[in-house]
Every structure is written in structure tokens, then in C-alpha cells.
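Asks: My structure is in my_file_27.cif, and what it holds is mmCIF, C-alpha atoms:
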data_work
#
loop_
_atom_site.group_PDB
_atom_site.id
_atom_site.type_symbol
_atom_site.label_atom_id
_atom_site.label_comp_id
_atom_site.auth_asym_id
_atom_site.auth_seq_id
_atom_site.Cartn_x
_atom_site.Cartn_y
_atom_site.Cartn_z
ATOM 1 C CA MET A 1 96.128 72.101 103.816
ATOM 2 C CA SER A 2 92.412 72.005 103.127
ATOM 3 C CA GLU A 3 90.898 73.717 100.084
ATOM 4 C CA SER A 4 89.211 76.362 102.248
ATOM 5 C CA THR A 5 92.472 77.139 104.075
ATOM 6 C CA ARG A 6 94.321 77.412 100.766
ATOM 7 C CA THR A 7 91.605 79.749 99.424
ATOM 8 C CA ASP A 8 91.682 81.837 102.605
ATOM 9 C CA THR A 9 95.466 82.160 102.311
ATOM 10 C CA VAL A 10 95.209 83.261 98.682
ATOM 11 C CA ASN A 11 92.456 85.755 99.540
ATOM 12 C CA ASP A 12 94.502 87.125 102.464
ATOM 13 C CA THR A 13 97.527 87.525 100.180
ATOM 14 C CA GLU A 14 95.464 89.321 97.518
ATOM 15 C CA ALA A 15 93.960 91.628 100.153
ATOM 16 C CA GLU A 16 97.477 92.625 101.237
ATOM 17 C CA LEU A 17 98.486 93.813 97.767
ATOM 18 C CA VAL A 18 98.429 97.585 97.409
ATOM 19 C CA GLY A 19 96.596 97.389 94.093
ATOM 20 C CA ALA A 20 94.006 94.771 95.055
ATOM 21 C CA ASP A 21 90.614 95.874 93.700
ATOM 22 C CA LYS A 22 92.279 98.832 91.974
ATOM 23 C CA ARG A 23 92.605 99.663 88.280
ATOM 24 C CA GLY A 24 95.748 101.009 86.685
ATOM 25 C CA VAL A 25 96.280 102.284 83.149
ATOM 26 C CA VAL A 26 99.624 102.666 81.384
ATOM 27 C CA ILE A 27 100.121 105.094 78.494
ATOM 28 C CA THR A 28 103.304 105.148 76.438
ATOM 29 C CA SER A 29 104.008 108.450 74.703
ATOM 30 C CA SER A 30 106.250 107.661 71.739
ATOM 31 C CA SER A 31 105.654 108.672 68.145
ATOM 32 C CA ARG A 32 108.145 106.063 66.912
ATOM 33 C CA ALA A 33 106.677 103.196 68.942
ATOM 34 C CA ALA A 34 103.165 104.251 67.886
ATOM 35 C CA ALA A 35 104.304 104.147 64.239
ATOM 36 C CA GLY A 36 105.825 100.684 64.680
ATOM 37 C CA VAL A 37 109.440 101.842 64.186
ATOM 38 C CA TYR A 38 110.345 99.920 67.343
ATOM 39 C CA PRO A 39 108.435 98.155 70.120
ATOM 40 C CA ASP A 40 107.272 99.804 73.313
ATOM 41 C CA ARG A 41 109.973 98.844 75.801
ATOM 42 C CA SER A 42 108.922 100.699 78.954
ATOM 43 C CA GLY A 43 105.116 100.306 79.025
ATOM 44 C CA PRO A 44 105.231 96.514 79.493
ATOM 45 C CA VAL A 45 107.663 96.961 82.423
ATOM 46 C CA ILE A 46 105.105 99.172 84.161
ATOM 47 C CA VAL A 47 102.197 96.808 83.451
ATOM 48 C CA GLU A 48 104.158 93.878 84.859
ATOM 49 C CA ARG A 49 104.995 95.785 88.044
ATOM 50 C CA LEU A 50 101.428 97.042 88.525
ATOM 51 C CA GLN A 51 100.068 93.534 88.117
ATOM 52 C CA SER A 52 102.579 92.258 90.687
ATOM 53 C CA TRP A 53 101.147 94.868 93.063
ATOM 54 C CA GLY A 54 97.638 93.497 92.428
ATOM 55 C CA PHE A 55 96.339 96.125 89.991
ATOM 56 C CA SER A 56 93.986 95.212 87.201
ATOM 57 C CA THR A 57 95.564 96.534 84.001
ATOM 58 C CA GLY A 58 95.327 96.070 80.288
ATOM 59 C CA GLU A 59 98.177 96.322 77.824
ATOM 60 C CA PRO A 60 99.934 99.694 77.567
ATOM 61 C CA ILE A 61 98.211 102.221 75.329
ATOM 62 C CA VAL A 62 100.852 103.415 72.853
ATOM 63 C CA VAL A 63 100.254 106.825 71.287
ATOM 64 C CA ALA A 64 102.213 109.516 69.470
ATOM 65 C CA ASP A 65 103.737 112.381 71.419
ATOM 66 C CA GLY A 66 101.843 115.637 71.671
ATOM 67 C CA ASP A 67 98.128 116.169 71.199
ATOM 68 C CA GLU A 68 97.362 112.477 70.649
ATOM 69 C CA PHE A 69 98.880 111.727 74.053
ATOM 70 C CA GLY A 70 96.875 114.534 75.679
ATOM 71 C CA LEU A 71 93.590 113.371 74.167
ATOM 72 C CA THR A 72 94.263 109.789 75.233
ATOM 73 C CA LEU A 73 95.130 110.843 78.787
ATOM 74 C CA ARG A 74 91.918 112.876 78.960
ATOM 75 C CA ASP A 75 89.870 109.858 77.794
ATOM 76 C CA VAL A 76 91.604 107.539 80.262
ATOM 77 C CA LEU A 77 91.000 109.913 83.170
ATOM 78 C CA ALA A 78 87.303 110.119 82.252
ATOM 79 C CA SER A 79 87.100 106.379 83.055
ATOM 80 C CA GLU A 80 88.305 107.167 86.617
ATOM 81 C CA PRO A 81 91.129 104.653 87.121
ATOM 82 C CA ASP A 82 92.884 104.602 90.477
ATOM 83 C CA LEU A 83 96.308 105.049 88.913
ATOM 84 C CA VAL A 84 97.597 106.259 85.548
ATOM 85 C CA ILE A 85 101.265 105.897 84.773
ATOM 86 C CA THR A 86 102.668 107.417 81.618
ATOM 87 C CA THR A 87 106.081 106.737 80.134
ATOM 88 C CA GLY A 88 107.964 108.872 77.660
ATOM 89 C CA GLY A 89 107.919 112.493 76.604
ATOM 90 C CA THR A 90 109.435 113.922 79.802
ATOM 91 C CA GLY A 91 112.806 114.995 78.392
ATOM 92 C CA LEU A 92 114.065 118.136 76.711
ATOM 93 C CA THR A 93 113.495 117.567 73.003
ATOM 94 C CA PRO A 94 110.889 119.688 71.217
ATOM 95 C CA THR A 95 108.465 116.731 71.033
ATOM 96 C CA ASP A 96 108.766 115.885 74.764
ATOM 97 C CA VAL A 97 105.529 117.518 75.880
ATOM 98 C CA THR A 98 104.034 114.942 78.249
ATOM 99 C CA PRO A 99 104.187 117.336 81.247
ATOM 100 C CA GLU A 100 102.544 120.120 79.232
ATOM 101 C CA GLN A 101 99.754 117.772 78.117
ATOM 102 C CA THR A 102 99.333 116.398 81.657
ATOM 103 C CA MET A 103 99.334 119.631 83.679
ATOM 104 C CA PRO A 104 95.935 121.014 82.556
ATOM 105 C CA LEU A 105 94.279 117.717 83.526
ATOM 106 C CA LEU A 106 95.565 117.741 87.124
ATOM 107 C CA ASP A 107 93.651 119.178 90.059
ATOM 108 C CA ARG A 108 96.662 119.155 92.391
ATOM 109 C CA LEU A 109 100.361 118.423 92.073
ATOM 110 C CA VAL A 110 102.278 115.984 94.286
ATOM 111 C CA PRO A 111 105.778 117.341 93.629
ATOM 112 C CA GLY A 112 107.523 115.345 96.352
ATOM 113 C CA ILE A 113 107.029 112.065 94.501
ATOM 114 C CA ALA A 114 108.412 113.468 91.248
ATOM 115 C CA GLU A 115 111.343 115.029 93.109
ATOM 116 C CA GLY A 116 111.990 111.721 94.887
ATOM 117 C CA MET A 117 112.071 109.868 91.579
ATOM 118 C CA ARG A 118 114.596 112.263 90.082
ATOM 119 C CA ALA A 119 116.725 112.159 93.243
ATOM 120 C CA ALA A 120 116.693 108.343 93.275
ATOM 121 C CA GLY A 121 118.033 108.226 89.729
ATOM 122 C CA VAL A 122 120.789 110.714 90.506
ATOM 123 C CA ALA A 123 121.684 108.757 93.669
ATOM 124 C CA LYS A 124 122.106 105.639 91.502
ATOM 125 C CA GLY A 125 124.706 107.462 89.438
ATOM 126 C CA VAL A 126 122.491 108.661 86.584
ATOM 127 C CA PRO A 127 122.949 112.447 86.569
ATOM 128 C CA THR A 128 120.606 112.828 83.573
ATOM 129 C CA ALA A 129 117.722 111.697 85.819
ATOM 130 C CA MET A 130 117.499 115.309 86.988
ATOM 131 C CA LEU A 131 116.503 116.283 83.439
ATOM 132 C CA SER A 132 113.184 114.441 83.588
ATOM 133 C CA ARG A 133 110.363 116.955 83.705
ATOM 134 C CA GLY A 134 107.759 114.372 84.714
ATOM 135 C CA LEU A 135 104.879 115.436 86.932
ATOM 136 C CA VAL A 136 102.921 113.588 89.596
ATOM 137 C CA GLY A 137 99.478 114.797 90.517
ATOM 138 C CA ILE A 138 95.857 114.072 91.220
ATOM 139 C CA SER A 139 93.003 114.244 88.752
ATOM 140 C CA GLY A 140 89.705 113.569 90.505
ATOM 141 C CA GLN A 141 90.570 110.507 92.575
ATOM 142 C CA SER A 142 93.213 109.236 90.146
ATOM 143 C CA LEU A 143 96.932 109.471 90.782
ATOM 144 C CA VAL A 144 98.778 110.409 87.580
ATOM 145 C CA VAL A 145 102.516 109.715 87.315
ATOM 146 C CA ASN A 146 104.746 110.742 84.386
ATOM 147 C CA LEU A 147 107.804 108.500 84.096
ATOM 148 C CA PRO A 148 110.641 108.812 81.607
ATOM 149 C CA GLY A 149 110.768 106.566 78.565
ATOM 150 C CA SER A 150 113.845 104.576 79.563
ATOM 151 C CA ARG A 151 113.477 101.187 81.220
ATOM 152 C CA GLY A 152 115.965 102.231 83.929
ATOM 153 C CA GLY A 153 114.095 105.453 84.651
ATOM 154 C CA VAL A 154 110.819 103.540 84.798
ATOM 155 C CA SER A 155 112.249 100.974 87.207
ATOM 156 C CA ASP A 156 113.760 103.650 89.466
ATOM 157 C CA GLY A 157 110.528 105.655 89.443
ATOM 158 C CA LEU A 158 108.413 102.623 90.297
ATOM 159 C CA ASP A 159 110.755 101.761 93.173
ATOM 160 C CA VAL A 160 110.114 105.210 94.658
ATOM 161 C CA LEU A 161 106.364 105.091 93.974
ATOM 162 C CA GLU A 162 106.039 101.684 95.610
ATOM 163 C CA GLN A 163 107.157 103.147 98.948
ATOM 164 C CA VAL A 164 104.232 105.593 99.169
ATOM 165 C CA LEU A 165 101.548 104.201 96.851
ATOM 166 C CA GLU A 166 99.471 102.429 99.486
ATOM 167 C CA HIS A 167 99.254 105.613 101.570
ATOM 168 C CA VAL A 168 98.398 107.703 98.500
ATOM 169 C CA LEU A 169 95.600 105.342 97.459
ATOM 170 C CA GLN A 170 94.155 105.447 100.989
ATOM 171 C CA GLN A 171 94.251 109.252 100.997
ATOM 172 C CA LEU A 172 92.658 109.939 97.604
ATOM 173 C CA PRO A 173 89.122 108.884 98.539
ATOM 174 C CA GLY A 174 89.429 110.699 101.888
ATOM 175 C CA GLY A 175 91.169 108.167 104.127
ATOM 176 C CA ASP A 176 92.733 109.283 107.379
ATOM 177 C CA HIS A 177 96.450 109.961 107.805
#
Any chance you could give the structure as C-alpha cells?

Replies:
Amino acid sequence: MSESTRTDTVNDTEAELVGADKRGVVITSSSRAAAGVYPDRSGPVIVERLQSWGFSTGEPIVVADGDEFGLTLRDVLASEPDLVITTGGTGLTPTDVTPEQTMPLLDRLVPGIAEGMRAAGVAKGVPTAMLSRGLVGISGQSLVVNLPGSRGGVSDGLDVLEQVLEHVLQQLPGGDH
């Protein structure tokens, strides 16, 4: 294979990736991980998956639950990424306030994706998946997805998102159905 053919093949493959020429940001909401009590376990899983889809991403941003998360999400959205995925803070404890911090920053909700993620977890035999209060919505032209903090919940949620992400990213800037 000639060098130009090899380059063309690589370029064609990159063009086929859903995240090619797109920027994704991952935010981990965990007071304990932010304090260094334990490492962020779910953020790196998301970064790895986004990069495999062709997204340009940095390392996960790890912040404490609550207001610090909300301020960070606001700052990230101001930079207009194509996709923001958060992990953590979607449960029922008093400090799980990711949905409450996310909601005021969304222009529109996309409840079907969040419902699909919860349903996928339950279908895999994890009844507690229905307890995730994570939201999915649009802020400007950015898709924002709240995933749970568990690696399993993250993996299940990304499996669901992968099925519709290309269509979503075509729609956000005004693409046709």
C-alpha cells in the first residue's frame, strides 16, 4: 500500500468516527476524589470511550459535589464543547446534587436518553439503576449528560448514548432529520 493510500485510509477512518473534529469534556463530581481520598475511577473510563469515538478530550476535571461542580460545569459550557459528560452525584444522598446543579444550565431536556440509560441498567439486572436522577439536555449547542459515579453505570450509559450520539450531534447545529 502506498503512503498516500495509507493516509487516505486513515483519514477516511477518522472521518467515520462520530466524534471526529468534536470536543468532549468530562467532569467527575466527587468530594472524596477531589480531596484525594481515592482516585477518580469513572472519569477515565469516559475519556477513554470518547477518545475511541474520535473526540478530542483532556483528562477528567475532578471537583467536589455541590456548588463547585455547578461552577465548573458553567465554566465548561462557556467554552462551547460539543459534548459534556459528568459522572457522580446522581444518587439519593444529601450531597448528590448534580442534577440540581445541571438543570438551570440546560436550555432543553432530552429525557428519552436518560430514561434509556436507566432502563438499560435495569435490563442488565441492576435494579438500583432506576435510582439515578441523571439528566440529559442541551445547553447552547452542547449535549450535557449526567452519568452515575459507578464504572458499571458509566459503561451502561455510554452504550446507550453511543447508539444515538451521531444523530444528536448532527441535530444540534441544525442538521436535518

Asks: Starting from the displayed file, determine the output of the PyMOL selection byres ((chain A and resi 151) around 9) and express the residue list as a ChimeraX atom specification.

Replies: /A:41-43,45,148-150,152-156

Asks: So the first atom is CA of Ser31 (chain A) and the second is CA of Val63 (chain A); what is the distance between them in Å, to one decimal place?

Replies: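 Taking CA of Ser31 (chain A) as the start and CA of Val63 (chain A) as the end point, the length is 6.5 Å.
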
Asks: Which residues are close to Pro111 (chain A), i.e. within 12 Å by only C-alpha atoms, leaving aside same-chain residues fewer than 2 positions away? Reply as an mmCIF file with C-alpha atoms, keeping the file's coordinate frame.

Replies:
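Output below, filename result15.cif:
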data_model
loop_
_atom_site.group_PDB
_atom_site.id
_atom_site.type_symbol
_atom_site.label_atom_id
_atom_site.label_comp_id
_atom_site.auth_asym_id
_atom_site.auth_seq_id
_atom_site.Cartn_x
_atom_site.Cartn_y
_atom_site.Cartn_z
ATOM 1 C CA ARG A 108 96.662 119.155 92.391
ATOM 2 C CA LEU A 109 100.361 118.423 92.073
ATOM 3 C CA ILE A 113 107.029 112.065 94.501
ATOM 4 C CA ALA A 114 108.412 113.468 91.248
ATOM 5 C CA GLU A 115 111.343 115.029 93.109
ATOM 6 C CA GLY A 116 111.990 111.721 94.887
ATOM 7 C CA MET A 117 112.071 109.868 91.579
ATOM 8 C CA ARG A 118 114.596 112.263 90.082
ATOM 9 C CA ARG A 133 110.363 116.955 83.705
ATOM 10 C CA GLY A 134 107.759 114.372 84.714
ATOM 11 C CA LEU A 135 104.879 115.436 86.932
ATOM 12 C CA VAL A 136 102.921 113.588 89.596
ATOM 13 C CA GLY A 137 99.478 114.797 90.517
ATOM 14 C CA ILE A 138 95.857 114.072 91.220
ATOM 15 C CA VAL A 144 98.778 110.409 87.580
ATOM 16 C CA VAL A 145 102.516 109.715 87.315
ATOM 17 C CA ASN A 146 104.746 110.742 84.386
#

Asks: May I ask for the distance between CA of Thr102 (chain A) and CA of Leu73 (chain A), given in Å to one decimal place?

Replies: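 Distance reported for this atom pair: 7.5 Å.
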
Asks: Applying 10 Å and all atoms listed in the file, which residues near Pro104 (chain A) remain after dropping the ones on its own chain fewer than 2 positions away? List them as a ChimeraX atom specification.

Replies: /A:70,74,99-102,106-107,139

Asks: To verify the selection step, state as a list of chain:residue names which residues the PyMOL selection byres ((chain A and resi 59) around 12) yields on this input.

Replies: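 After applying the PyMOL selection byres ((chain A and resi 59) around 12), what remains is A:Gly24, A:Val25, A:Val26, A:Ile27, A:Thr28, A:Asp40, A:Ser42, A:Gly43, A:Pro44, A:Val45, A:Ile46, A:Val47, A:Glu48, A:Leu50, A:Gln51, A:Ser56, A:Thr57, A:Gly58, A:Pro60, A:Ile61, A:Val62.
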
Asks: Using only C-alpha atoms, pick whichever of A:Val76, A:Val122, A:Ala64, A:Leu158 has the shortest atom-to-atom distance to Ala33 (chain A).

Replies: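 Looking at the shortest contact to Ala33 (chain A), the residue is A:Ala64.
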
Asks: Name the residues in contact with Ser142 (chain A) at a cut-off of 8 Å, using all atoms listed in the file, excluding same-chain residues fewer than 4 positions from it; report them as a PyMOL selection string.

Replies: chain A and resi 77+80-84+138+172

Asks: Can you spell out as a ChimeraX atom specification the set of residues that the PyMOL selection byres ((chain A and resi 21) around 8) selects in the structure I just provided?

Replies: /A:19-20,22-23,54-56

Asks: To one decimal in Å, tell me the separation between CA of Gly140 (chain A) and CA of Ser79 (chain A).

Replies: 10.7 Å

Asks: When you count only C-alpha atoms, which of these residues is closest to Thr87 (chain A): A:Val18, A:Leu147, A:Val164, A:Leu71?

Replies: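 Closest candidate: A:Leu147.
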
Asks: Box time for region 128-133 of chain A: axis-aligned, enclosing all its listed atoms, 8 Å extra on each side; report centre and edge lengths in Å to one decimal, as JSON.

Replies:
{"center_x": 115.5, "center_y": 114.3, "center_z": 85.2, "size_x": 26.2, "size_y": 21.3, "size_z": 19.5}

Asks: Taking into account only C-alpha atoms, which residue in the set A:Ala34, A:Gly157, A:Gln141, A:Val97 is nearest to Gly174 (chain A)?

Replies: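 Using only C-alpha atoms, the shortest distance to Gly174 (chain A) belongs to A:Gln141.
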
Asks: Of the candidates A:Gly88, A:Gly112, A:Gly121, A:Pro94, which one gets nearest to Phe69 (chain A) if we count all atoms listed in the file?

Replies: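 Of all the options, A:Gly88 lies closest to Phe69 (chain A).
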